[in-house]
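Note: the block below is start.cif and it holds mmCIF, C-alpha atoms.
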data_entry
loop_
_atom_site.label_atom_id
_atom_site.label_comp_id
_atom_site.auth_asym_id
_atom_site.auth_seq_id
_atom_site.Cartn_x
_atom_site.Cartn_y
_atom_site.Cartn_z
CA ALA A 1 35.04 78.98 41.21
CA THR A 2 37.43 81.22 43.01
CA ALA A 3 39.68 82.56 40.24
CA GLY A 4 39.83 86.32 40.50
CA ARG A 5 39.05 86.34 44.21
CA PRO A 6 41.32 88.82 46.01
CA ALA A 7 43.64 87.31 48.61
CA ASP A 8 42.29 87.28 52.17
CA GLU A 9 38.66 87.45 51.05
CA GLU A 10 36.23 86.14 53.62
CA VAL A 11 34.62 82.84 52.60
CA SER A 12 31.45 81.76 54.37
CA SER A 13 29.81 78.35 54.53
CA ASP A 14 26.54 80.29 54.34
CA SER A 15 27.45 81.97 51.04
CA GLU A 16 26.28 80.69 47.67
CA THR A 17 29.73 80.39 46.14
CA GLU A 18 30.21 77.54 43.69
CA SER A 19 31.22 74.31 45.41
CA PRO A 20 34.76 73.09 44.63
CA LEU A 21 33.13 69.72 43.93
CA LEU A 22 31.65 71.31 40.79
CA GLY A 23 35.03 72.75 39.87
CA ARG A 24 36.59 69.31 40.40
CA ARG A 25 34.04 67.71 38.03
CA ARG A 26 34.82 70.32 35.40
CA ARG A 27 38.56 69.60 35.69
CA GLU A 28 37.87 65.86 35.44
CA ALA A 29 35.71 66.43 32.35
CA ALA A 30 38.53 68.43 30.79
CA GLU A 31 40.95 65.61 31.54
CA GLU A 32 38.64 63.09 29.85
CA GLU A 33 38.79 65.14 26.66
CA VAL A 34 42.46 64.20 26.46
CA GLU A 35 42.71 60.74 24.90
CA GLU A 36 43.63 58.81 28.06
CA THR A 37 41.59 55.93 29.42
CA PRO A 38 41.15 55.48 33.22
CA GLN A 39 43.52 52.49 33.08
CA GLU A 40 46.17 54.53 31.26
CA LYS A 41 45.80 57.35 33.77
CA LYS A 42 46.14 54.91 36.68
CA LEU A 43 49.27 53.40 35.09
CA ARG A 44 50.78 56.84 34.45
CA LEU A 45 50.19 57.96 38.06
CA ALA A 46 51.63 54.67 39.40
CA LYS A 47 54.78 55.10 37.28
CA GLN A 48 55.10 58.69 38.45
CA TYR A 49 54.79 57.61 42.11
CA LEU A 50 57.38 54.83 41.68
CA GLU A 51 59.81 57.23 40.00
CA GLU A 52 59.45 59.70 42.90
CA LEU A 53 60.05 56.86 45.35
CA ARG A 54 63.09 55.66 43.39
CA GLN A 55 64.66 59.13 43.43
CA LEU A 56 63.96 59.56 47.15
CA GLU A 57 65.34 56.16 48.10
CA GLU A 58 68.44 56.57 45.91
CA GLU A 59 69.29 59.70 47.89
CA ARG A 60 68.81 57.79 51.15
CA ALA A 61 70.81 54.81 49.88
CA GLU A 62 73.91 56.96 49.54
CA ASP A 63 74.16 56.82 53.34
CA GLU A 64 73.05 53.19 53.59
CA GLU A 65 75.32 51.29 51.22
CA GLU A 66 74.29 47.88 52.54
CA LEU A 67 70.79 48.28 51.06
CA GLU A 68 70.04 48.48 47.35
CA PRO A 69 67.57 51.19 46.21
CA ALA A 70 65.25 48.45 44.90
CA ASP A 71 65.07 46.93 48.40
CA LEU A 72 64.30 50.34 49.87
CA ILE A 73 61.51 50.95 47.34
CA GLY A 74 59.99 47.54 48.11
CA ASP A 75 60.11 48.22 51.83
CA ARG A 76 58.57 51.65 51.33
CA LEU A 77 55.73 50.23 49.20
CA LYS A 78 55.05 47.52 51.80
CA GLU A 79 55.01 50.19 54.53
CA ASP A 80 52.59 52.36 52.52
CA VAL A 81 50.18 49.42 52.12
CA LEU A 82 50.30 48.62 55.86
CA GLU A 83 49.78 52.30 56.70
CA GLN A 84 46.73 52.57 54.44
CA ARG A 85 45.22 49.48 56.06
CA GLY A 86 45.92 50.81 59.57
CA ARG A 87 48.16 47.83 60.32
CA LEU A 88 51.55 49.54 60.49
CA GLN A 89 52.84 49.63 64.04
CA ARG A 90 56.45 50.57 64.75
CA LEU A 91 57.44 49.10 68.09
CA VAL A 92 59.39 51.99 69.61
CA ALA A 93 57.82 52.51 73.06
CA LYS A 94 59.94 49.92 74.89
CA ASP A 95 63.14 51.71 73.85
CA VAL A 96 62.19 55.23 75.01
CA GLN A 97 64.44 56.60 77.77
CA PRO A 98 63.37 59.08 80.50
CA PRO A 99 64.47 62.54 79.30
CA ASP A 100 67.07 64.54 81.20
CA PRO A 101 65.08 67.40 82.86
CA ALA A 102 68.03 69.75 82.20
CA ARG A 103 67.60 69.23 78.45
CA ILE A 104 63.91 70.19 78.35
CA ARG A 105 63.70 73.55 76.56
CA VAL A 106 61.11 76.05 77.87
CA LEU A 107 60.10 78.74 75.36
CA ARG A 108 58.24 81.81 76.59
CA GLY A 109 56.38 84.39 74.55
CA HIS A 110 52.64 84.00 75.04
CA GLN A 111 51.11 86.20 77.74
CA LEU A 112 48.18 83.87 78.42
CA PRO A 113 47.87 80.05 78.45
CA VAL A 114 49.05 78.18 75.36
CA THR A 115 46.03 76.40 73.90
CA CYS A 116 47.34 74.61 70.79
CA LEU A 117 50.44 73.89 68.74
CA VAL A 118 51.60 72.03 65.64
CA ILE A 119 55.00 70.93 64.32
CA SER A 120 55.88 71.41 60.64
CA PRO A 121 56.11 68.14 58.66
CA ASP A 122 59.90 68.45 58.41
CA ASP A 123 60.19 68.87 62.22
CA ARG A 124 61.97 72.23 61.82
CA PHE A 125 59.32 74.64 63.10
CA ILE A 126 56.77 74.84 65.89
CA PHE A 127 53.65 77.01 65.59
CA SER A 128 51.76 77.83 68.79
CA ALA A 129 48.75 79.93 69.76
CA SER A 130 47.22 81.18 72.96
CA LYS A 131 44.26 82.62 74.80
CA ASP A 132 45.83 86.05 74.13
CA GLY A 133 45.02 85.52 70.42
CA SER A 134 48.68 85.54 69.42
CA LEU A 135 50.33 83.18 66.95
CA ILE A 136 54.06 82.42 67.22
CA LYS A 137 56.29 80.54 64.78
CA CYS A 138 59.63 79.43 66.16
CA LYS A 139 62.51 77.38 64.90
CA TRP A 140 63.37 74.31 66.94
CA GLU A 141 67.05 73.95 67.69
CA VAL A 142 68.84 71.84 70.27
CA ASP A 143 70.07 74.85 72.23
CA SER A 144 67.64 77.63 71.31
CA GLY A 145 64.05 78.25 70.30
CA LYS A 146 64.42 81.31 68.10
CA ARG A 147 61.18 83.17 67.39
CA LEU A 148 60.86 83.70 63.65
CA CYS A 149 57.41 85.24 63.41
CA VAL A 150 54.91 86.68 65.89
CA VAL A 151 51.34 87.67 64.98
CA PRO A 152 49.99 89.49 68.05
CA GLY A 153 46.43 89.09 69.22
CA GLY A 154 44.05 92.03 68.84
CA LYS A 155 41.23 93.38 70.95
CA LYS A 156 37.68 92.15 70.53
CA GLY A 157 35.94 93.84 67.62
CA THR A 158 39.12 94.67 65.69
CA GLU A 159 39.00 91.65 63.33
CA GLU A 160 38.44 93.80 60.24
CA ARG A 161 41.61 95.86 60.64
CA HIS A 162 43.77 93.45 62.66
CA MET A 163 45.84 90.82 60.86
CA GLY A 164 45.56 88.17 63.59
CA HIS A 165 42.90 86.81 65.90
CA ALA A 166 40.96 89.10 68.24
CA SER A 167 39.83 86.30 70.57
CA GLN A 168 41.19 83.10 72.10
CA VAL A 169 42.72 80.71 69.56
CA LEU A 170 41.54 77.17 70.41
CA CYS A 171 42.94 74.97 67.63
CA MET A 172 45.33 74.83 64.70
CA ALA A 173 46.45 72.50 61.91
CA ILE A 174 49.16 72.41 59.24
CA SER A 175 48.90 70.76 55.83
CA SER A 176 51.08 67.71 55.20
CA ASP A 177 53.15 69.62 52.61
CA GLY A 178 53.79 72.40 55.14
CA LYS A 179 52.22 75.04 52.86
CA TYR A 180 49.12 76.10 54.79
CA LEU A 181 48.47 76.77 58.48
CA ALA A 182 44.88 76.98 59.77
CA THR A 183 43.83 78.48 63.12
CA GLY A 184 40.39 78.60 64.75
CA ASP A 185 39.17 80.94 67.49
CA ARG A 186 36.42 81.43 70.04
CA ASN A 187 34.88 84.12 67.82
CA LYS A 188 33.80 81.50 65.19
CA LEU A 189 36.56 82.38 62.70
CA ILE A 190 39.00 80.13 60.82
CA MET A 191 42.09 81.88 59.46
CA ILE A 192 44.31 80.39 56.75
CA TRP A 193 47.99 81.39 56.72
CA ASP A 194 51.00 80.92 54.50
CA ALA A 195 53.12 78.81 56.85
CA ALA A 196 56.41 80.06 55.39
CA THR A 197 55.71 83.79 55.79
CA CYS A 198 52.90 83.87 58.41
CA LYS A 199 50.89 86.01 56.00
CA ARG A 200 47.13 85.64 56.33
CA LEU A 201 45.52 84.36 53.12
CA HIS A 202 41.82 83.77 53.85
CA ILE A 203 39.15 83.93 56.54
CA PHE A 204 36.49 81.20 56.63
CA THR A 205 33.20 81.96 58.40
CA GLY A 206 30.00 80.00 58.91
CA HIS A 207 30.42 78.26 62.25
CA ARG A 208 27.92 79.59 64.80
CA ASP A 209 30.10 79.08 67.87
CA ALA A 210 33.75 78.67 68.86
CA VAL A 211 35.94 76.69 66.43
CA SER A 212 37.45 73.92 68.56
CA GLY A 213 39.06 71.46 66.14
CA LEU A 214 40.96 71.62 62.83
CA SER A 215 42.74 69.02 60.70
CA PHE A 216 44.03 68.84 57.13
CA ARG A 217 43.43 65.57 55.32
CA LYS A 218 46.89 64.10 54.75
CA GLY A 219 48.24 64.60 51.23
CA THR A 220 45.57 67.20 50.35
CA HIS A 221 44.50 70.76 51.10
CA GLN A 222 41.07 69.61 52.29
CA LEU A 223 40.42 71.04 55.76
CA TYR A 224 38.01 69.66 58.37
CA SER A 225 36.74 71.96 61.13
CA ALA A 226 34.70 71.27 64.27
CA SER A 227 32.91 73.68 66.55
CA HIS A 228 30.95 74.16 69.74
CA ASP A 229 27.96 74.57 67.39
CA ARG A 230 28.08 70.71 67.20
CA CYS A 231 28.81 70.45 63.48
CA VAL A 232 31.75 69.48 61.25
CA LYS A 233 32.51 71.51 58.12
CA VAL A 234 34.66 70.64 55.11
CA TRP A 235 36.67 73.29 53.22
CA ASP A 236 38.95 73.30 50.17
CA VAL A 237 41.78 75.63 51.15
CA ALA A 238 43.53 75.61 47.76
CA GLU A 239 40.23 76.58 46.08
CA ASN A 240 39.39 78.99 48.92
CA ALA A 241 35.92 77.48 49.16
CA TYR A 242 33.39 75.82 51.46
CA VAL A 243 32.35 72.23 50.60
CA GLU A 244 29.77 70.83 53.08
CA THR A 245 28.48 70.61 56.66
CA LEU A 246 27.83 67.46 58.73
CA PHE A 247 25.63 67.21 61.84
CA GLY A 248 25.28 64.60 64.59
CA HIS A 249 26.84 65.47 67.95
CA GLN A 250 24.50 66.37 70.82
CA ASP A 251 27.01 68.57 72.66
CA VAL A 252 29.96 70.81 71.82
CA ILE A 253 32.74 69.18 69.78
CA THR A 254 36.03 69.51 71.65
CA GLY A 255 38.54 67.93 69.29
CA LEU A 256 39.05 66.59 65.77
CA ASP A 257 41.69 64.64 63.83
CA SER A 258 42.19 63.02 60.41
CA LEU A 259 44.75 61.13 58.33
CA SER A 260 44.77 60.28 54.60
CA ARG A 261 41.34 58.66 54.27
CA GLU A 262 38.39 60.89 53.40
CA CYS A 263 37.06 60.85 56.95
CA CYS A 264 37.72 62.43 60.34
CA VAL A 265 37.14 61.62 64.02
CA THR A 266 35.69 63.94 66.66
CA ALA A 267 35.26 64.08 70.44
CA GLY A 268 31.77 65.14 71.49
CA GLY A 269 32.25 66.59 74.96
CA ARG A 270 29.39 65.68 77.28
CA ASP A 271 27.39 63.74 74.73
CA GLY A 272 29.84 60.98 75.68
CA THR A 273 30.60 59.89 72.12
CA VAL A 274 33.52 59.68 69.73
CA ARG A 275 32.41 59.79 66.09
CA LEU A 276 33.96 58.75 62.79
CA TRP A 277 32.63 60.86 59.91
CA LYS A 278 32.68 59.30 56.44
CA ILE A 279 32.71 62.42 54.28
CA PRO A 280 31.67 61.07 50.82
CA GLU A 281 28.78 59.03 52.30
CA GLU A 282 27.83 61.81 54.75
CA SER A 283 27.48 59.09 57.41
CA GLN A 284 28.96 58.51 60.86
CA LEU A 285 29.95 55.72 63.23
CA ILE A 286 29.33 56.32 66.95
CA PHE A 287 31.62 55.04 69.74
CA SER A 288 31.04 55.34 73.50
CA GLY A 289 32.91 54.33 76.65
CA HIS A 290 33.98 57.39 78.68
CA GLN A 291 31.89 58.48 81.68
CA GLY A 292 32.72 62.21 81.49
CA SER A 293 33.25 64.93 78.90
CA ILE A 294 35.56 63.72 76.11
CA ASP A 295 37.99 66.60 75.69
CA CYS A 296 40.70 65.39 73.28
CA ILE A 297 41.27 62.84 70.53
CA GLN A 298 43.95 61.75 68.06
CA LEU A 299 44.29 59.02 65.44
CA ILE A 300 47.19 56.59 65.99
CA ASN A 301 46.84 55.11 62.51
CA GLU A 302 44.04 54.67 59.97
CA GLU A 303 42.27 52.09 62.17
CA HIS A 304 42.98 53.11 65.79
CA MET A 305 42.67 56.23 67.94
CA VAL A 306 43.16 57.49 71.48
CA SER A 307 40.93 59.85 73.49
CA GLY A 308 40.94 61.48 76.93
CA ALA A 309 38.11 62.69 79.18
CA ASP A 310 37.51 64.74 82.31
CA ASP A 311 36.65 61.53 84.20
CA GLY A 312 40.42 60.91 84.14
CA SER A 313 40.28 58.03 81.65
CA VAL A 314 42.31 57.40 78.52
CA ALA A 315 40.74 55.10 75.90
CA LEU A 316 42.14 53.15 72.94
CA TRP A 317 39.69 52.51 70.11
CA GLY A 318 39.54 50.36 66.99
CA LEU A 319 37.21 51.50 64.22
CA THR A 320 35.53 48.08 64.10
CA LYS A 321 34.43 48.11 67.78
CA LYS A 322 31.88 50.46 69.35
CA LYS A 323 33.52 50.19 72.81
CA PRO A 324 37.15 50.92 73.79
CA LEU A 325 39.73 48.19 73.17
CA ALA A 326 41.53 49.40 76.31
CA LEU A 327 40.67 51.91 79.04
CA ALA A 328 43.01 53.36 81.67
CA ARG A 329 40.95 54.90 84.49
CA GLN A 330 42.37 57.73 86.64
CA ALA A 331 45.34 57.77 84.29
CA HIS A 332 46.80 60.88 85.98
CA GLY A 333 45.63 60.13 89.53
CA GLU A 334 43.29 62.19 91.70
CA GLN A 335 43.19 65.68 93.19
CA GLY A 336 41.35 67.26 96.10
CA THR A 337 41.09 66.74 99.84
CA GLN A 338 40.17 63.50 101.58
CA GLY A 339 36.66 62.44 100.65
CA LEU A 340 36.39 65.04 97.87
CA GLN A 341 38.90 63.61 95.43
CA GLN A 342 38.24 63.86 91.72
CA PRO A 343 40.21 62.34 88.87
CA CYS A 344 42.63 64.71 87.14
CA TRP A 345 41.13 65.68 83.80
CA ILE A 346 42.88 64.46 80.66
CA SER A 347 43.40 67.66 78.70
CA ALA A 348 45.66 66.46 75.85
CA VAL A 349 46.60 63.24 74.06
CA ALA A 350 49.22 62.59 71.38
CA ALA A 351 50.25 59.58 69.32
CA LEU A 352 53.46 58.96 67.43
CA ARG A 353 51.79 58.02 64.12
CA ASN A 354 51.87 54.33 63.18
CA SER A 355 53.65 53.32 66.38
CA ASP A 356 52.88 51.99 69.86
CA LEU A 357 53.89 55.21 71.69
CA LEU A 358 51.35 57.62 73.25
CA ALA A 359 51.52 60.68 75.50
CA THR A 360 48.84 62.17 77.76
CA GLY A 361 48.64 65.49 79.60
CA SER A 362 46.64 66.82 82.53
CA HIS A 363 47.24 69.30 85.37
CA SER A 364 48.68 66.57 87.59
CA GLY A 365 52.27 67.82 87.36
CA SER A 366 53.51 65.48 84.65
CA VAL A 367 53.17 64.29 81.08
CA LYS A 368 52.83 60.50 80.91
CA LEU A 369 54.15 58.23 78.17
CA TRP A 370 52.32 54.98 77.39
CA LYS A 371 52.87 51.84 75.37
CA CYS A 372 50.02 50.31 73.35
CA GLY A 373 49.99 46.55 73.86
CA GLU A 374 49.57 44.01 71.08
CA GLY A 375 46.41 44.59 69.07
CA PHE A 376 45.93 47.91 70.92
CA ARG A 377 44.15 45.97 73.68
CA LYS A 378 46.31 47.19 76.54
CA LEU A 379 47.73 50.49 77.81
CA GLU A 380 51.00 50.19 79.74
CA HIS A 381 52.37 53.20 81.62
CA LEU A 382 56.02 53.80 80.72
CA LEU A 383 57.27 56.93 82.50
CA ASP A 384 56.41 60.40 83.81
CA ILE A 385 57.91 63.69 82.61
CA PRO A 386 57.50 66.40 85.32
CA LEU A 387 55.75 69.56 84.01
CA VAL A 388 53.81 72.09 86.10
CA GLY A 389 50.57 73.51 84.71
CA PHE A 390 47.73 72.51 82.42
CA VAL A 391 49.05 70.50 79.48
CA ASN A 392 46.72 71.89 76.82
CA SER A 393 48.38 70.44 73.74
CA LEU A 394 50.84 67.64 72.93
CA LYS A 395 52.55 66.73 69.65
CA PHE A 396 55.26 64.23 68.72
CA SER A 397 57.76 65.16 66.03
CA ALA A 398 57.39 63.08 62.88
CA ALA A 399 60.71 61.36 63.60
CA GLY A 400 59.71 60.69 67.22
CA ASP A 401 62.87 62.28 68.61
CA PHE A 402 61.07 64.98 70.60
CA LEU A 403 57.69 65.78 72.16
CA VAL A 404 56.28 69.32 72.42
CA ALA A 405 53.87 70.37 75.17
CA GLY A 406 51.80 73.57 75.31
CA ILE A 407 51.50 74.66 78.95
CA GLY A 408 49.08 77.10 80.56
CA GLN A 409 47.98 78.30 83.97
CA GLU A 410 44.42 77.45 82.89
CA HIS A 411 42.63 74.76 80.91
CA ARG A 412 42.35 75.68 77.22
CA LEU A 413 38.52 75.62 77.23
CA GLY A 414 37.78 77.52 80.45
CA ARG A 415 38.87 79.21 83.67
CA TRP A 416 37.74 76.76 86.32
CA TRP A 417 40.88 77.35 88.35
CA ARG A 418 44.47 78.56 87.88
CA ILE A 419 47.84 77.03 88.69
CA LYS A 420 49.74 80.18 89.64
CA GLU A 421 53.18 78.58 89.70
CA ALA A 422 52.83 77.37 86.11
CA LYS A 423 54.39 79.29 83.21
CA ASN A 424 52.51 79.87 79.96
CA SER A 425 55.07 78.28 77.66
CA ILE A 426 56.13 75.71 75.08
CA CYS A 427 58.21 72.81 76.39
CA ILE A 428 60.39 70.82 73.98
CA ILE A 429 61.13 67.40 75.47
CA PRO A 430 63.92 65.35 73.78
CA LEU A 431 63.17 61.63 73.52
CA LYS A 432 66.10 59.24 73.37
CA GLN A 433 65.96 55.61 72.32
CA LYS A 434 68.03 52.81 73.82
CA THR A 435 71.05 52.17 71.65
CA THR A 436 69.89 48.79 70.37
CA ALA A 437 69.15 47.40 66.95
CA SER A 438 66.10 48.99 65.39
CA SER A 439 62.81 47.36 66.37
CA PRO A 440 60.87 45.36 63.80
CA GLU A 441 57.61 46.69 62.48
CA SER A 442 54.57 44.65 63.28
CA PRO A 443 51.10 44.68 61.77
CA GLY A 444 48.73 45.50 64.63
CA SER A 445 45.40 43.69 64.54
CA SER A 446 42.21 45.00 66.09
#
Could you show the structure in this file as structure tokens?
Amino acid sequence: ATAGRPADEEVSSDSETESPLLGRRRREAAEEEVEETPQEKKLRLAKQYLEELRQLEEERAEDEEELEPADLIGDRLKEDVLEQRGRLQRLVAKDVQPPDPARIRVLRGHQLPVTCLVISPDDRFIFSASKDGSLIKCKWEVDSGKRLCVVPGGKKGTEERHMGHASQVLCMAISSDGKYLATGDRNKLIMIWDAATCKRLHIFTGHRDAVSGLSFRKGTHQLYSASHDRCVKVWDVAENAYVETLFGHQDVITGLDSLSRECCVTAGGRDGTVRLWKIPEESQLIFSGHQGSIDCIQLINEEHMVSGADDGSVALWGLTKKKPLALARQAHGEQGTQGLQQPCWISAVAALRNSDLLATGSHSGSVKLWKCGEGFRKLEHLLDIPLVGFVNSLKFSAAGDFLVAGIGQEHRLGRWWRIKEAKNSICIIPLKQKTTASSPESPGSS
């Protein structure tokens, strides 16, 4: 469908380009011409996967002589099954130590508030973006945060001749193989980048309002996007093509996340709902429980998620229940003078995937760490990490050894008020575990 397209060509969801679904069917038809039954293909792919696992675990076993590679492969397969079922829960929260404030790295570079960030799958690089339209790639090191690539923001109306964004960047995502970076801005554009070189590859258009959420489906180059135009779009980045559009929310969508299943979750702002979109069926499940605008959301595993709202509440959800499994009200306290207090808005949430550890951000002066109780039915506050400013984005490293916060003087979605003493920056927070034997993994039930 897209062979022969020049690099960086604009792709619109309104255009009549051939759907990658058609291209996929053609490839599948070509595969069927080869004399291989579906069972044989399944067996071949399973053998290939096991061989890749064996090679990976043999490399790891060199440092862990007490375990045989076969044991490691069995453990890995068991872990993969639990992860797919949404029942893998590493119990790490109880061992997290309060970080030493002197070891928190503060990286400056953005002129205006940081709105979003992602960490590369290998935990080596941090990509961040800002209201100034700039995109920065830096290398995370214990003692320095060296800037490797900076794509400056341009002025409004210069999109055609400017390499980067010419309006506020609101969201970003990186593919699970670390190949592609996607960024979305207030001017309705999605830009696709080569993550290694920061070279722009494509521009996707079609949203009719600000792009507010992006996520790559794990293990693929399928990209989900959400917008203030209240719809979710699906794109095939590798094919440089638009796939489909889904409708349902009654207000602006403020956040989106996905894992390996062919579905995504969204936060619907003032329509008061969280939604799970089943892409192949083009259907949705609706969840409700917050009283205010739901501003942020993230999946913890394939069956559970966490969201935050401007009513100050943090909610834990299971995909089989329409109401929250647990709800922490006024999670970051209140602000304002006597008699006029309002809860501090929850502006960012993060989950260490497949674990019981969460982080939440607000403008309350700290990032809070939380432990999910058994069955995700309880939220226990663990500790506070002092940070001044609006915490507009939070991400755990894949290994869970550090947390990154994007800080701004203003909220990422508006300019309701400013915290003048805050610094527009990236904060890298090291997370240490108690030096005890590693915690067992437990299947979490909903």
Checklist outcome for this item: Shortest contact to Arg270 of chain A, candidates A:Leu285, A:Asp257, A:His249, A:Gln39, atoms counted only C-alpha atoms, goes to A:His249
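Candidate residues A:Thr360, A:Ser283, A:Ser130, A:Asn240 were compared for distance to Glu10 of chain A, and the nearest is A:Asn240, using all atoms listed in the file.
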Checklist entry - Using the chain letters and numbers from the file, which residues does the PyMOL selection byres ((chain A and resi 273) around 8) grab, as an NGL selection string? => result :A and (249 or 267-272 or 274-275 or 286-290 or 294)
Item to check | Long-range neighbours of Ala398 of chain A as a PyMOL selection string, 10 Å cut-off, only C-alpha atoms, 4 positions minimum in chain | outcome: chain A and resi 119-123+352-353+402-403
Item to check | the PyMOL selection byres ((chain A and resi 312) around 9) applied to the shown file, residues as a PyMOL selection string | outcome: chain A and resi 292+308-311+313-314+328-334+342-346+362
May I have the residues within 10 Å of segment 165-173 of chain A as a compact mmCIF listing (two decimals) with C-alpha atoms, in the frame of the given file, using all atoms listed in the file and disregarding those fewer than 6 positions away in the same chain?
# COMPACT_ATOMS: atom_id res chain seq x y z
CA LEU A 112 48.18 83.87 78.42
CA PRO A 113 47.87 80.05 78.45
CA VAL A 114 49.05 78.18 75.36
CA THR A 115 46.03 76.40 73.90
CA CYS A 116 47.34 74.61 70.79
CA LEU A 117 50.44 73.89 68.74
CA VAL A 118 51.60 72.03 65.64
CA ILE A 119 55.00 70.93 64.32
CA SER A 120 55.88 71.41 60.64
CA PHE A 127 53.65 77.01 65.59
CA SER A 128 51.76 77.83 68.79
CA ALA A 129 48.75 79.93 69.76
CA SER A 130 47.22 81.18 72.96
CA LYS A 131 44.26 82.62 74.80
CA ASP A 132 45.83 86.05 74.13
CA GLY A 133 45.02 85.52 70.42
CA SER A 134 48.68 85.54 69.42
CA LEU A 135 50.33 83.18 66.95
CA VAL A 151 51.34 87.67 64.98
CA PRO A 152 49.99 89.49 68.05
CA GLY A 153 46.43 89.09 69.22
CA GLY A 154 44.05 92.03 68.84
CA LYS A 155 41.23 93.38 70.95
CA LYS A 156 37.68 92.15 70.53
CA GLY A 157 35.94 93.84 67.62
CA THR A 158 39.12 94.67 65.69
CA GLU A 159 39.00 91.65 63.33
CA TYR A 180 49.12 76.10 54.79
CA LEU A 181 48.47 76.77 58.48
CA ALA A 182 44.88 76.98 59.77
CA THR A 183 43.83 78.48 63.12
CA GLY A 184 40.39 78.60 64.75
CA ASP A 185 39.17 80.94 67.49
CA ARG A 186 36.42 81.43 70.04
CA ASN A 187 34.88 84.12 67.82
CA LYS A 188 33.80 81.50 65.19
CA LEU A 189 36.56 82.38 62.70
CA ILE A 190 39.00 80.13 60.82
CA MET A 191 42.09 81.88 59.46
CA ILE A 192 44.31 80.39 56.75
CA ALA A 210 33.75 78.67 68.86
CA VAL A 211 35.94 76.69 66.43
CA SER A 212 37.45 73.92 68.56
CA GLY A 213 39.06 71.46 66.14
CA LEU A 214 40.96 71.62 62.83
CA SER A 215 42.74 69.02 60.70
CA PHE A 216 44.03 68.84 57.13
CA LEU A 223 40.42 71.04 55.76
CA TYR A 224 38.01 69.66 58.37
CA SER A 225 36.74 71.96 61.13
CA ALA A 226 34.70 71.27 64.27
CA THR A 254 36.03 69.51 71.65
CA GLY A 255 38.54 67.93 69.29
CA LEU A 256 39.05 66.59 65.77
CA ASP A 257 41.69 64.64 63.83
CA ASN A 392 46.72 71.89 76.82
CA SER A 393 48.38 70.44 73.74
CA ARG A 412 42.35 75.68 77.22
CA LEU A 413 38.52 75.62 77.23
Item to check | Target residues per the PyMOL selection byres ((chain A and resi 95-105) around 10), formatted as an MDAnalysis selection string | outcome: chainID A and resid 91:94 106:108 140:145 357 369 371 382:387 400:404 425:436 438:439
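Counting from atom CA of Lys137 of chain A, the distance to atom CA of Phe396 of chain A is 16.8 Å.
Distances here use all atoms listed in the file; by that measure, the residue among A:Ala405, A:Arg147, A:Phe125, A:Leu327 closest to Ser307 of chain A is A:Leu327.
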Centre and edge lengths of an axis-aligned box around all listed atoms of segment 202-206 of chain A, with 3 Å added on each side, are to be given in Å to one decimal, as AutoDock Vina command-line options.
--center_x 35.9 --center_y 82.0 --center_z 56.4 --size_x 17.8 --size_y 9.9 --size_z 11.1
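Across the model, the gap from atom CA of Pro324 of chain A to atom CA of Ile174 of chain A is 28.6 Å.
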Next on the checklist: One decimal, in Å: what's the spacing between atom CA of Ala351 of chain A and atom CA of Val367 of chain A?
Outcome noted: 13.0 Å
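In terms of minimum interatomic distance to Thr197 of chain A, A:Ile136 ranks closest within A:Val11, A:Val232, A:Ile297, A:Ile136, counting all atoms listed in the file.
The neighbours of Cys231 of chain A here are the residues that come within 7 Å of it, using only C-alpha atoms and leaving out any residue fewer than 6 positions away in the same chain; they are Thr245, Leu246, Phe247, Gly248 and His249 of chain A.
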Next on the checklist: Please list as number ranges by chain every residue within 9 Å of Gly389 of chain A, counting all atoms listed in the file and excluding residues in the same chain fewer than 6 positions away.
Outcome noted: A: 362-366, 407-411, 418-424
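Residue nearest Leu358 of chain A, chosen from A:Leu259, A:Ala326, A:Val150, A:Val306 and counting only C-alpha atoms: A:Val306.
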Item to check | Nearest candidate to Gly414 of chain A (options A:Ser258, A:Leu340, A:Asp295, A:Trp277; using only C-alpha atoms) | outcome: A:Asp295
